[in-house]
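Undergrad: This is entry.tsv, which holds TSV, C-alpha atoms and all ligand atoms:
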```tsv
chain	number	residue	atom	x	y	z
Q	25	MET	CA	0.00	0.00	0.00
Q	26	ILE	CA	2.77	2.39	1.02
Q	27	LYS	CA	4.67	1.37	-2.08
Q	28	LYS	CA	1.68	2.15	-4.30
Q	29	ARG	CA	1.09	5.55	-2.68
Q	30	PHE	CA	4.77	6.31	-3.11
Q	31	LYS	CA	4.46	5.44	-6.78
Q	32	ILE	CA	1.46	7.76	-7.30
Q	33	THR	CA	3.16	10.62	-5.47
Q	34	THR	CA	6.29	10.17	-7.60
Q	35	LEU	CA	4.15	10.13	-10.72
Q	36	ILE	CA	2.37	13.36	-9.75
Q	37	LEU	CA	5.68	14.97	-8.88
Q	38	LEU	CA	7.14	13.92	-12.22
Q	39	VAL	CA	4.15	15.31	-14.12
Q	40	LEU	CA	4.44	18.60	-12.21
Q	41	LEU	CA	8.17	18.73	-12.89
Q	42	CYS	CA	7.62	18.18	-16.62
Q	43	LEU	CA	4.95	20.88	-16.68
Q	44	PHE	CA	7.28	23.31	-14.92
Q	45	CYS	CA	10.11	22.48	-17.35
Q	46	PHE	CA	7.78	22.99	-20.31
Q	47	VAL	CA	6.49	26.36	-19.09
Q	48	SER	CA	9.94	27.66	-18.16
Q	49	ALA	CA	11.38	26.43	-21.47
Q	50	CYS	CA	8.71	28.39	-23.32
Q	51	THR	CA	9.36	31.54	-21.30
Q	52	ALA	CA	13.10	31.08	-21.66
Q	53	GLN	CA	12.72	30.64	-25.40
Q	54	GLU	CA	11.02	34.03	-25.63
Q	55	ASN	CA	13.87	35.63	-23.73
Q	56	ARG	CA	16.39	34.06	-26.06
Q	57	GLU	CA	15.33	35.95	-29.15
Q	58	GLY	CA	16.69	39.43	-29.43
Q	59	ILE	CA	18.19	41.91	-31.84
Q	60	MET	CA	21.52	43.66	-32.25
Q	61	VAL	CA	21.45	47.22	-33.56
Q	62	ILE	CA	24.71	48.56	-34.98
Q	63	LYS	CA	24.85	52.30	-35.57
Q	64	VAL	CA	27.68	53.11	-37.97
Q	65	LYS	CA	29.58	56.33	-37.76
Q	66	GLN	CA	28.92	58.93	-40.47
Q	67	GLN	CA	31.98	58.20	-42.59
Q	68	LYS	CA	33.66	58.34	-45.97
Q	69	MET	CA	33.22	55.24	-48.07
Q	70	ALA	CA	34.92	54.52	-51.38
Q	71	LEU	CA	32.51	54.73	-54.33
Q	72	THR	CA	33.25	53.81	-57.92
Q	73	ALA	CA	31.14	55.88	-60.29
Q	74	LYS	CA	30.83	55.25	-64.03
Q	75	SER	CA	32.98	58.35	-64.45
Q	76	GLY	CA	35.67	57.22	-61.98
Q	77	GLY	CA	36.55	56.83	-58.31
Q	78	THR	CA	35.14	59.15	-55.66
Q	79	ASP	CA	33.60	58.80	-52.22
Q	80	THR	CA	30.34	59.32	-50.38
Q	81	ILE	CA	29.65	59.93	-46.69
Q	82	LEU	CA	27.62	56.97	-45.51
Q	83	ASN	CA	25.36	56.91	-42.47
Q	84	GLY	CA	22.93	54.31	-41.12
Q	85	GLU	CA	22.08	51.23	-39.11
Q	86	ILE	CA	22.53	47.49	-39.45
Q	87	VAL	CA	20.21	45.19	-37.50
Q	88	TYR	CA	20.61	41.46	-36.83
Q	89	LYS	CA	18.06	39.13	-35.27
Q	90	ILE	CA	19.74	36.92	-32.65
Q	91	SER	CA	18.31	33.60	-31.54
Q	92	GLU	CA	19.64	30.62	-29.65
Q	93	THR	CA	18.72	27.34	-31.26
Q	94	LYS	CA	19.81	23.73	-30.72
Q	95	ARG	CA	22.45	24.29	-33.38
Q	96	GLY	CA	23.87	27.29	-31.55
Q	97	ILE	CA	23.48	31.05	-31.88
Q	98	VAL	CA	21.93	32.19	-35.15
Q	99	TYR	CA	22.31	35.72	-36.54
Q	100	GLU	CA	20.08	36.93	-39.34
Q	101	LEU	CA	20.67	40.22	-41.15
Q	102	ASN	CA	17.25	41.76	-40.61
Q	103	SER	CA	17.64	45.35	-41.75
Q	104	LEU	CA	20.23	47.51	-43.45
Q	105	ASN	CA	19.29	51.17	-43.84
Q	106	MET	CA	21.99	53.41	-45.33
Q	107	THR	CA	22.08	56.86	-46.84
Q	108	GLY	CA	25.03	58.40	-48.68
Q	109	THR	CA	25.75	62.00	-49.61
Q	110	SER	CA	25.41	63.16	-53.22
Q	111	ILE	CA	28.24	62.52	-55.70
Q	112	ASN	CA	29.03	64.42	-58.89
Q	113	VAL	CA	28.64	62.48	-62.12
Q	114	LYS	CA	28.62	63.39	-65.80
Q	115	ASP	CA	24.98	64.54	-65.83
Q	116	GLY	CA	25.15	66.48	-62.56
Q	117	ALA	CA	24.74	65.69	-58.87
Q	118	SER	CA	23.33	62.27	-58.01
Q	119	GLY	CA	21.47	63.60	-54.95
Q	120	PRO	CA	21.36	61.66	-51.66
Q	121	ILE	CA	21.91	57.91	-52.13
Q	122	SER	CA	19.49	55.43	-50.50
Q	123	ILE	CA	20.57	51.84	-49.84
Q	124	ILE	CA	18.04	49.48	-48.27
Q	125	LEU	CA	18.00	45.72	-47.76
Q	126	LYS	CA	15.55	43.89	-50.00
Q	127	PRO	CA	13.43	41.88	-47.52
Q	128	LYS	CA	14.16	38.17	-47.14
Q	129	THR	CA	17.22	38.21	-49.44
Q	130	ALA	CA	19.96	38.02	-46.79
Q	131	ARG	CA	21.81	34.79	-46.01
Q	132	SER	CA	24.02	34.86	-42.92
Q	133	THR	CA	26.47	32.48	-41.23
Q	134	TYR	CA	28.16	32.84	-37.85
Q	135	ASP	CA	31.59	31.64	-36.77
Q	136	LEU	CA	31.30	31.25	-33.01
Q	137	LYS	CA	35.06	31.02	-32.42
Q	138	LYS	CA	35.98	34.13	-34.39
Q	139	ARG	CA	32.68	35.89	-33.55
Q	140	VAL	CA	32.23	36.76	-37.23
Q	141	ILE	CA	28.86	37.13	-38.97
Q	142	GLN	CA	29.04	36.92	-42.77
Q	143	SER	CA	26.05	37.94	-44.87
Q	144	GLU	CA	25.20	38.09	-48.55
Q	145	PHE	CA	22.24	40.24	-49.54
Q	146	ILE	CA	20.38	42.13	-52.26
Q	147	ALA	CA	19.78	45.87	-51.83
Q	148	THR	CA	17.54	48.44	-53.50
Q	149	VAL	CA	19.40	51.63	-54.42
Q	150	HIS	CA	18.05	55.04	-55.42
Q	151	TYR	CA	19.37	58.56	-56.07
Q	152	PRO	CA	17.27	61.55	-57.29
Q	153	LEU	CA	19.19	61.87	-60.58
Q	154	ILE	CA	17.29	58.72	-61.63
Q	155	ASP	CA	13.99	60.64	-61.21
Q	156	GLN	CA	15.34	63.66	-63.05
Q	157	LEU	CA	16.52	61.68	-66.08
Q	158	LYS	CA	14.02	58.79	-66.18
Q	159	GLY	CA	10.92	60.35	-64.64
Q	160	TYR	CA	8.61	58.32	-62.42
Q	161	ILE	CA	6.81	55.04	-62.86
Q	162	LYS	CA	3.43	56.16	-64.21
Q	163	PRO	CA	0.47	55.77	-61.83
Q	164	LYS	CA	-2.09	53.21	-63.02
Q	165	GLU	CA	-4.61	54.63	-65.47
Q	166	GLY	CA	-8.17	55.15	-64.32
Q	167	GLU	CA	-7.25	55.33	-60.65
Q	168	ARG	CA	-9.35	57.67	-58.53
Q	169	GLU	CA	-6.34	59.29	-56.92
Q	170	ILE	CA	-3.22	59.88	-59.01
Q	171	ASP	CA	-1.04	60.62	-56.03
Q	172	GLU	CA	1.82	58.18	-56.17
Q	173	PHE	CA	4.95	58.82	-58.21
Q	174	ARG	CA	7.26	55.90	-57.63
Q	175	SER	CA	10.92	56.02	-58.53
Q	176	TYR	CA	12.78	53.58	-60.73
Q	177	THR	CA	15.34	51.85	-58.50
Q	178	GLU	CA	18.52	49.88	-59.07
Q	179	THR	CA	19.33	46.45	-57.64
Q	180	PHE	CA	22.70	45.87	-55.98
Q	181	SER	CA	24.22	42.69	-54.56
Q	182	GLY	CA	26.26	43.01	-51.41
Q	183	SER	CA	28.21	41.36	-48.63
Q	184	LEU	CA	28.72	42.31	-45.03
Q	185	ILE	CA	31.35	40.90	-42.67
Q	186	CYS	CA	30.83	41.83	-39.05
Q	187	ALA	CA	33.44	40.81	-36.44
Q	188	LEU	CA	32.21	41.33	-32.87
Q	189	SER	CA	34.74	42.28	-30.17
Q	190	GLU	CA	32.90	40.04	-27.69
Q	191	SER	CA	29.94	37.63	-27.72
Q	192	PRO	CA	26.62	39.09	-26.66
Q	193	ARG	CA	25.14	37.48	-23.55
Q	194	ILE	CA	22.04	35.75	-24.82
Q	195	GLY	CA	18.98	36.95	-22.92
Q	196	THR	CA	20.71	40.05	-21.56
Q	197	THR	CA	20.29	43.61	-22.82
Q	198	GLY	CA	23.53	45.54	-23.02
Q	199	LYS	CA	26.22	46.96	-25.23
Q	200	ILE	CA	29.07	45.30	-27.05
Q	201	LYS	CA	32.31	47.24	-27.03
Q	202	THR	CA	32.71	47.38	-30.79
Q	203	ALA	CA	32.47	45.57	-34.11
Q	204	ALA	CA	34.66	45.65	-37.22
Q	205	ILE	CA	32.58	45.79	-40.38
Q	206	VAL	CA	33.53	45.35	-44.01
Q	207	PHE	CA	30.79	46.47	-46.41
Q	208	LYS	CA	30.71	45.79	-50.15
Q	209	THR	CA	27.95	46.35	-52.64
Q	210	GLU	CA	27.87	46.51	-56.43
Q	211	VAL	CA	25.30	47.19	-59.10
Q	212	LYS	CA	23.46	44.20	-60.52
Q	213	GLU	CA	20.52	45.72	-62.38
Q	214	ALA	CA	21.08	49.37	-63.31
Q	215	VAL	CA	18.73	52.16	-64.35
Q	216	LEU	CA	21.37	54.86	-64.89
Q	217	GLY	CA	24.29	52.79	-63.60
Q	218	GLU	CA	26.12	55.91	-62.40
Q	219	ILE	CA	27.16	54.09	-59.20
Q	220	VAL	CA	29.16	50.93	-59.87
Q	221	ASN	CA	30.08	49.95	-56.31
Q	222	VAL	CA	30.42	51.19	-52.75
Q	223	SER	CA	32.82	49.48	-50.38
Q	224	GLY	CA	35.02	49.88	-47.34
Q	225	LYS	CA	35.57	49.34	-43.65
Q	226	MET	CA	32.94	50.84	-41.38
Q	227	THR	CA	33.65	52.45	-38.05
Q	228	VAL	CA	30.98	51.62	-35.53
Q	229	LEU	CA	29.42	54.18	-33.20
Q	230	ASP	CA	27.36	51.89	-31.00
Q	231	VAL	CA	26.42	48.19	-30.75
Q	232	GLN	CA	23.26	47.63	-28.74
Q	233	VAL	CA	21.97	44.14	-27.91
Q	234	ILE	CA	18.29	44.02	-26.93
Q	235	PHE	CA	16.48	41.13	-25.21
Q	236	PRO	CA	13.15	41.14	-23.34
Q	237	PRO	CA	12.12	42.83	-21.03
Q	238	PHE	CA	13.67	45.52	-23.25
Q	239	TYR	CA	12.33	46.11	-26.73
Q	240	PHE	CA	12.91	48.37	-29.71
Q	241	LYS	CA	10.71	50.71	-31.67
Q	242	LYS	CA	11.20	51.62	-35.32
Q	243	VAL	CA	10.94	55.38	-35.70
Q	244	ILE	CA	11.10	57.74	-38.69
Q	245	ASN	CA	11.51	61.54	-38.64
Q	246	ILE	CA	8.88	63.68	-40.37
Q	247	GLN	CA	9.68	67.29	-41.30
Q	248	PRO	CA	6.59	69.50	-41.77
Q	249	VAL	CA	7.11	72.50	-44.05
Q	250	PHE	CA	4.59	75.37	-44.07
Q	251	VAL	CA	4.22	78.11	-46.69
Q	252	ARG	CA	4.19	81.75	-45.49
Q	253	TYR	CA	2.24	84.09	-47.71
Q	254	THR	CA	0.60	87.52	-47.71
Q	255	PRO	CA	-3.12	87.28	-48.50
Q	256	GLU	CA	-4.15	89.73	-51.20
Q	257	THR	CA	-7.72	90.14	-49.99
Q	258	GLY	CA	-9.60	90.08	-46.70
Q	259	CYS	CA	-9.47	92.35	-43.65
Q	260	PHE	CA	-5.69	92.52	-43.57
Q	261	GLY	CA	-5.15	91.81	-47.27
Q	262	GLY	CA	-1.73	92.74	-48.57
Q	263	THR	CA	-0.27	93.43	-45.13
Q	264	THR	CA	-0.42	90.48	-42.74
Q	265	LYS	CA	1.56	87.27	-43.17
Q	266	ALA	CA	-0.35	84.00	-42.98
Q	267	THR	CA	0.82	80.39	-43.10
Q	268	THR	CA	-0.50	77.13	-44.42
Q	269	GLY	CA	-0.66	74.11	-42.13
Q	270	GLY	CA	-4.11	74.66	-40.64
Q	271	SER	CA	-4.73	70.92	-41.09
Q	272	TYR	CA	-1.42	69.95	-39.49
Q	273	ASN	CA	-2.47	68.95	-35.96
Q	274	THR	CA	-5.42	66.82	-37.04
Q	275	LEU	CA	-3.55	65.09	-39.90
Q	276	LYS	CA	-0.49	64.53	-37.69
Q	277	GLU	CA	-2.45	62.96	-34.83
Q	278	ASN	CA	-4.33	60.64	-37.18
Q	279	ALA	CA	-1.13	59.64	-38.98
Q	280	MET	CA	0.55	58.82	-35.65
Q	281	LYS	CA	-2.50	56.84	-34.53
Q	282	MET	CA	-2.61	54.81	-37.77
Q	283	TRP	CA	1.10	53.93	-37.92
Q	284	ASN	CA	1.22	53.22	-34.20
Q	285	ARG	CA	-1.14	50.34	-35.00
Q	286	CYS	CA	1.93	48.80	-36.73
Q	287	CYS	CA	4.20	49.79	-33.79
Q	288	LEU	CA	5.91	52.28	-36.11
Q	289	GLY	CA	6.75	55.65	-34.57
Q	290	LEU	CA	6.46	58.96	-36.43
Q	291	ASN	CA	8.71	61.63	-34.90
Q	292	PHE	CA	7.39	64.99	-36.10
Q	293	LEU	CA	10.12	67.67	-36.05
Q	294	PRO	CA	9.36	71.37	-35.43
Q	295	PRO	CA	7.86	72.92	-38.60
Q	296	ALA	CA	10.05	74.74	-41.11
Q	297	TYR	CA	8.73	77.74	-43.07
Q	298	ILE	CA	9.26	78.96	-46.61
Q	299	ASP	CA	8.10	82.35	-47.86
Q	300	ASN	CA	6.34	82.30	-51.21
Q	301	ASN	CA	2.90	83.63	-52.17
Q	302	ASP	CA	2.73	81.35	-55.22
Q	303	TYR	CA	2.90	78.06	-53.33
Q	304	ARG	CA	-0.24	78.62	-51.27
Q	305	ILE	CA	-2.32	77.26	-54.16
Q	306	LEU	CA	-0.16	74.75	-55.97
Q	307	SER	CA	-0.27	73.62	-59.59
Q	308	SER	CA	1.44	70.41	-60.73
Q	309	THR	CA	4.17	72.40	-62.53
Q	310	GLU	CA	5.09	74.13	-59.25
Q	311	GLU	CA	5.42	70.91	-57.25
Q	312	ALA	CA	9.05	70.16	-58.09
Q	313	ASN	CA	10.08	73.75	-57.25
Q	314	LEU	CA	8.27	73.66	-53.93
Q	315	MET	CA	9.86	70.33	-52.99
Q	316	ALA	CA	13.31	71.68	-53.89
Q	317	THR	CA	12.96	74.52	-51.36
Q	318	TYR	CA	13.56	72.34	-48.31
Q	319	ASN	CA	15.49	69.17	-47.67
Q	320	ASN	CA	16.29	67.40	-44.43
Q	321	ALA	CA	18.55	64.41	-45.20
Q	322	ASN	CA	17.22	62.52	-42.16
Q	323	ALA	CA	13.49	63.12	-42.52
Q	324	VAL	CA	10.48	62.70	-44.81
Q	325	GLU	CA	9.42	66.23	-45.78
Q	326	VAL	CA	5.70	67.02	-45.78
Q	327	PHE	CA	4.78	70.28	-47.52
Q	328	PHE	CA	1.45	71.77	-46.46
Q	329	VAL	CA	-0.28	73.95	-49.05
Q	330	GLU	CA	-3.81	75.27	-48.98
Q	331	VAL	CA	-5.11	73.44	-52.04
Q	332	GLY	CA	-4.05	72.03	-55.41
Q	333	ASP	CA	-4.66	73.84	-58.68
Q	334	PRO	CA	-6.93	72.55	-60.17
Q	335	VAL	CA	-8.79	71.55	-57.00
Q	336	GLY	CA	-8.59	67.78	-56.60
Q	337	LEU	CA	-5.39	67.56	-58.63
Q	338	HIS	CA	-4.17	64.49	-56.69
Q	339	GLY	CA	-7.14	63.92	-54.38
Q	340	GLY	CA	-5.89	65.02	-50.98
Q	341	GLY	CA	-2.14	64.99	-51.57
Q	342	VAL	CA	0.75	63.41	-53.41
Q	343	CYS	CA	3.91	61.44	-52.63
Q	344	TYR	CA	7.10	61.28	-54.70
Q	345	SER	CA	9.88	58.65	-54.53
Q	346	GLY	CA	8.22	56.49	-51.84
Q	347	GLY	CA	10.38	53.90	-50.05
Q	348	THR	CA	13.54	55.99	-50.51
Q	349	ALA	CA	15.35	58.51	-48.28
Q	350	ASN	CA	14.42	61.16	-50.87
Q	351	THR	CA	10.68	60.74	-50.52
Q	352	LYS	CA	8.58	63.93	-50.22
Q	353	ILE	CA	4.90	64.54	-49.63
Q	354	ILE	CA	2.59	67.43	-50.50
Q	355	THR	CA	-0.74	67.54	-48.65
Q	356	TYR	CA	-3.64	70.01	-48.81
Q	357	ASP	CA	-5.18	71.87	-45.88
Q	358	THR	CA	-8.54	71.48	-47.69
Q	359	ASN	CA	-8.48	67.80	-46.69
Q	360	LEU	CA	-10.27	69.00	-43.58
Q	361	PRO	CA	-12.95	68.42	-42.53
Q	362	ILE	CA	-13.47	65.46	-44.89
Q	363	ASN	CA	-10.30	63.44	-45.35
Q	364	LEU	CA	-8.71	63.08	-41.91
Q	365	TYR	CA	-6.32	60.35	-42.99
Q	366	ASN	CA	-4.67	61.81	-46.09
Q	367	LEU	CA	-1.30	62.34	-44.42
Q	368	ALA	CA	-1.43	58.81	-42.93
Q	369	HIS	CA	-2.14	57.53	-46.49
Q	370	GLU	CA	0.64	59.56	-48.18
Q	371	LEU	CA	3.04	58.44	-45.45
Q	372	GLY	CA	2.10	54.87	-46.43
Q	373	HIS	CA	3.44	55.68	-49.92
Q	374	ALA	CA	6.56	57.23	-48.32
Q	375	LEU	CA	6.97	53.88	-46.52
Q	376	ASN	CA	7.01	52.07	-49.88
Q	377	LEU	CA	3.36	50.98	-50.01
Q	378	SER	CA	1.40	51.21	-53.26
Q	379	HIS	CA	-2.34	51.25	-53.72
Q	380	PRO	CA	-3.94	47.79	-53.41
Q	381	PRO	CA	-3.66	45.17	-54.70
Q	382	GLY	CA	0.11	45.88	-55.01
Q	383	ASN	CA	1.84	45.42	-51.67
Q	384	SER	CA	-1.05	46.75	-49.54
Q	385	THR	CA	-4.47	45.45	-48.51
Q	386	PRO	CA	-7.69	46.26	-50.42
Q	387	GLY	CA	-10.07	48.37	-48.34
Q	388	SER	CA	-7.28	49.60	-46.02
Q	389	LEU	CA	-5.70	53.03	-45.46
Q	390	MET	CA	-3.81	52.54	-48.73
Q	391	GLU	CA	-7.03	52.53	-50.76
Q	392	PRO	CA	-6.98	55.64	-52.96
Q	393	SER	CA	-9.52	58.33	-52.19
Q	394	GLY	CA	-11.25	60.69	-54.58
Q	395	PHE	CA	-11.55	64.38	-53.84
Q	396	CYS	CA	-13.79	64.82	-50.79
Q	397	ALA	CA	-13.54	61.12	-49.96
Q	398	ASP	CA	-11.72	59.71	-46.98
Q	399	ASN	CA	-8.84	57.26	-47.03
Q	400	PRO	CA	-10.15	54.41	-44.80
Q	401	ALA	CA	-8.83	54.39	-41.20
Q	402	LEU	CA	-8.11	50.66	-41.45
Q	403	MET	CA	-4.69	49.05	-41.00
Q	404	SER	CA	-3.66	45.51	-41.93
Q	405	ASN	CA	-0.78	43.14	-41.17
Q	406	GLN	CA	0.29	43.27	-44.82
Q	407	ASN	CA	0.59	47.08	-44.69
Q	408	CYS	CA	2.61	46.84	-41.46
Q	409	ASP	CA	4.88	44.09	-42.84
Q	410	ASN	CA	5.69	45.93	-46.07
Q	411	ALA	CA	6.29	49.41	-44.62
Q	412	SER	CA	9.96	50.26	-45.18
Q	413	ASN	CA	12.21	53.27	-45.68
Q	414	PRO	CA	15.99	53.72	-45.25
Q	415	LEU	CA	15.29	56.59	-42.83
Q	416	PHE	CA	13.88	54.24	-40.15
Q	417	TYR	CA	16.00	53.96	-37.00
Q	418	TYR	CA	15.70	51.73	-33.94
Q	419	VAL	CA	15.04	53.10	-30.46
Q	420	LEU	CA	15.46	51.11	-27.22
Q	421	THR	CA	12.32	51.00	-25.08
Q	422	THR	CA	10.88	49.16	-22.05
Q	423	LYS	CA	7.41	49.16	-23.58
Q	424	LYS	CA	6.44	46.06	-25.49
Q	425	CYS	CA	4.34	47.12	-28.46
Q	426	THR	CA	1.87	44.70	-29.99
Q	427	ARG	CA	0.23	45.45	-33.29
Q	428	ASN	CA	-3.27	46.80	-33.01
Q	429	ILE	CA	-4.54	46.28	-36.53
Q	430	ASN	CA	-8.25	46.82	-37.13
Q	431	MET	CA	-8.85	44.78	-40.28
Q	432	PRO	CA	-8.04	41.18	-41.29
N	1	ZN	ZN	-2.38	57.13	-52.77
```
Written as C-alpha cells, how would this file's structure read?
Ligand SMILES: [Zn+2]
TA:
Amino acid sequence: MIKKRFKITTLILLVLLCLFCFVSACTAQENREGIMVIKVKQQKMALTAKSGGTDTILNGEIVYKISETKRGIVYELNSLNMTGTSINVKDGASGPISIILKPKTARSTYDLKKRVIQSEFIATVHYPLIDQLKGYIKPKEGEREIDEFRSYTETFSGSLICALSESPRIGTTGKIKTAAIVFKTEVKEAVLGEIVNVSGKMTVLDVQVIFPPFYFKKVINIQPVFVRYTPETGCFGGTTKATTGGSYNTLKENAMKMWNRCCLGLNFLPPAYIDNNDYRILSSTEEANLMATYNNANAVEVFFVEVGDPVGLHGGGVCYSGGTANTKIITYDTNLPINLYNLAHELGHALNLSHPPGNSTPGSLMEPSGFCADNPALMSNQNCDNASNPLFYYVLTTKKCTRNINMP
C-alpha cells in the first residue's frame, strides 16, 4: 500500500516537474530571441562611379536578429538602412543615395570562435538623378487618386562581414564594445548605372543588444514645411503674413495613430517655413520647385499647401519617390474636414506601399480616395509588414508594443 502511494506521489511529482520544465522552457525561449542594432559612424566610403573613383559619406544602421537554437546562436541580417551623400557624375549631382535591404534576401552564417557574422544580400538603391533623367513610374490609369509617383530603383548585390569584439550574452540587454565591419555592394541591375560599387571598412558608433524585457521601436523623422504668404484680400489683405498648415495637428495625430497600429513611430520635427505667395495654391508644374525649397537628409518632408490647382489635382495629396530617403509629400489643408487620414495615407506611400492590390491590402488606409472622400482608417498586417524606408531607425524601449490592426 505504502509502495503504491509512493508510486502515485512520484508520478504526480514527475508530471508537475515536466509541466514546470515545459512552461519555463517556453518563457526562456522568448527571452532568447533578441536583436543587435549597430549604428555606424557617419563616414567616408569609397565609391566607384561610371565616371571614376570618388567617395560618399555613408550613415545608417545594421540590424541582426539573434536567436539561440539547438544548433547554436543564429544571426540573421534583418535590416540595413543606409544613406550616402550626393556625388558628382557626368549629368550632374546624383542627390542623396538610399541603400536598403531587400526583404528576405539576406543569407548569414556565424563563426562562433571568431565571432564573425558573414552575410550576402540584395539591396535596393536610389538617387534623385534617376527621377530627373528617367521620370517616375506612371500611376495606373483610371485610378481615382493619381497621387503616387514611384521612382525607378537599381538592384545591388552586397556582402557584409561583421566581427564582434565580444559575444553578446544571450537573454541580456547591453552593449558590445565594438564591431569591425567590411561592407561591399555593387550594381546588378542598373537604371542609370552611375554608381558601380560602394565598399570599405565601417567604423561603428554603437552596438546595442536588446532582449526582453527591453524592446525596440522603429521610428522615422517627419519634417513638416509650411508656406508663409501675404493674402491679397480680406481684412488685412496685402499686409499680414499668414501660413498654411491649418490641417497639421489633425492630420499629424491621425497619422501617428494609424502607424502606431503597426508599432511604427512617427517623430514629427518642429515645422520649417518657406516664404512664397505662389505656393499657397499649388499647380502640378510648381510641385518640383516647392519640394526643392527644403530638404532634411534625415526626414520625410511634408509640404502643407492650402489646395491644389486645379482643385482635386491628386485627391488630398501626393507622394514622390516612396520607399527611398528622398521621398517627399505634399498635402492640402482642404483635406479638412473630410479626409482626416490623407497624411497617414501619403506616409504609407513614403513607406514604400502602393495602392492595393500591389503590396497593400484592399479596403485599407492605402485605398486611394477621390476628392472629398476619406482614405479608410483601417490598418492591416500586410501594410505593417511591407512598410519600409531607409530613414527608419531603432530606439530602445521598455514598452512592449503589440500590433493593433483593425482589419483582417
Ligand atoms: Zn495614394
Undergrad: Give me the residues within 9 Å of Q:Ile124 as a VMD selection string, counting all atoms listed in the file and dropping any in the same chain fewer than 2 places off.
TA: chain Q and resid 103 to 107 122 126 to 127 146 to 149 348 412 to 414
Undergrad: For a test of reading the model, state the distance in Å between atom CA of Q:Val329 and atom CA of Q:Thr267, rounded to one decimal.
TA: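 Result for atom CA of Q:Val329 versus atom CA of Q:Thr267: 8.8 Å, one decimal.
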Undergrad: Give the residue list for ligand ZN 1 (chain N) at 7 Å, counting all atoms listed in the file, as a list in words, sorted by chain and then by residue number.
TA: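 Based on all atoms listed in the file, ligand ZN 1 (chain N) is surrounded within 7 Å by Glu169, Ile170, Asp171, Glu172, His369, Glu370, His373, His379, Met390, Glu391 and Pro392 of chain Q.
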Undergrad: Which residue is closest to Q:Lys208? Choose from Q:Ala70, Q:Ala279, Q:Leu229, Q:Asp302 and count all atoms listed in the file.
TA: Q:Ala70
Undergrad: Point out the residue among Q:Leu290, Q:Ala312, Q:Ile86, Q:Ala214 with the least atom-to-atom distance to Q:Val243, counting all atoms listed in the file.
TA: Q:Leu290
Undergrad: Please indicate the distance in Å from atom CA of Q:Leu101 to atom CA of Q:Lys63, rounded to one decimal place.
TA: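 Pair atom CA of Q:Leu101 / atom CA of Q:Lys63 returns 13.9 Å.
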Undergrad: Measuring between all atoms listed in the file, which one of Q:Ile244, Q:Ala266, Q:Ile298, Q:Ile429 shows the shortest distance to Q:Ala374?
TA: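 Checking each candidate against Q:Ala374, we get Q:Ile244 as the closest.
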Undergrad: Which residues are close to Q:Thr385, i.e. within 10 Å by only C-alpha atoms, leaving aside same-chain residues fewer than 5 positions away? Reply as JSON, numbers by chain.
TA: {"Q": [377, 378, 379, 380, 390, 391, 402, 403, 404, 405, 406, 407, 431, 432]}
Undergrad: Give as number ranges by chain every residue, naming chains and numbers as the document does, that has an atom within 9 Å of (5.0, 77.8, -46.3), counting all atoms listed in the file.
TA: Q: 249-253, 266-269, 296-301, 303-304, 327-329
Undergrad: Which residues come within 8 Å of Q:Ser223, counting all atoms listed in the file, excluding same-chain residues fewer than 4 positions away, as a list in words?
TA: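 My reading of the contact set: Met69, Ala70, Leu71, Val206, Phe207, Lys208 and Thr209 of chain Q.
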Undergrad: So how far away is atom CA of Q:Ile246 from atom CA of Q:Tyr318, in Å?
TA: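 Value for the atom CA of Q:Tyr318-atom CA of Q:Ile246 distance: 12.6 Å.
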Undergrad: Between Q:Ala187, Q:Ile97, Q:Leu364, Q:Leu415, which has the minimum distance to Q:Ala321 (counting only C-alpha atoms)?
TA: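 Using only C-alpha atoms, the shortest distance to Q:Ala321 belongs to Q:Leu415.
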Undergrad: Can you pull out every residue within 9 Å of Q:Lys158, counting only C-alpha atoms, but drop anything in the same chain fewer than 4 positions away, and send it as a count of residues only?
TA: 6
Undergrad: Might you pull out every residue within 12 Å of Q:Lys137, with only C-alpha atoms counted and same-chain residues fewer than 5 positions away left off, and present them as a PDB file with C-alpha atoms, in the frame of the given file?
TA:
```pdb
ATOM      1  CA  GLY Q  96      23.870  27.290 -31.550  1.00  0.00           C
ATOM      2  CA  ILE Q  97      23.480  31.050 -31.880  1.00  0.00           C
ATOM      3  CA  ALA Q 187      33.440  40.810 -36.440  1.00  0.00           C
ATOM      4  CA  LEU Q 188      32.210  41.330 -32.870  1.00  0.00           C
ATOM      5  CA  SER Q 189      34.740  42.280 -30.170  1.00  0.00           C
ATOM      6  CA  GLU Q 190      32.900  40.040 -27.690  1.00  0.00           C
ATOM      7  CA  SER Q 191      29.940  37.630 -27.720  1.00  0.00           C
TER       8      SER Q 191
END
```
Undergrad: Let me make sure I understand: among Q:Leu184, Q:Leu360, Q:Cys408, Q:Ile200, which one has the smallest atom-to-atom distance to Q:Gly224 if we use all atoms listed in the file?
TA: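 The answer is Q:Leu184, which sits nearest to Q:Gly224.
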Undergrad: Choose the residue, out of Q:Ser393, Q:Asn350, Q:Ser91, Q:Asn430, that has the smallest atom-to-atom separation from Q:Asp155; count only C-alpha atoms.
TA: Q:Asn350
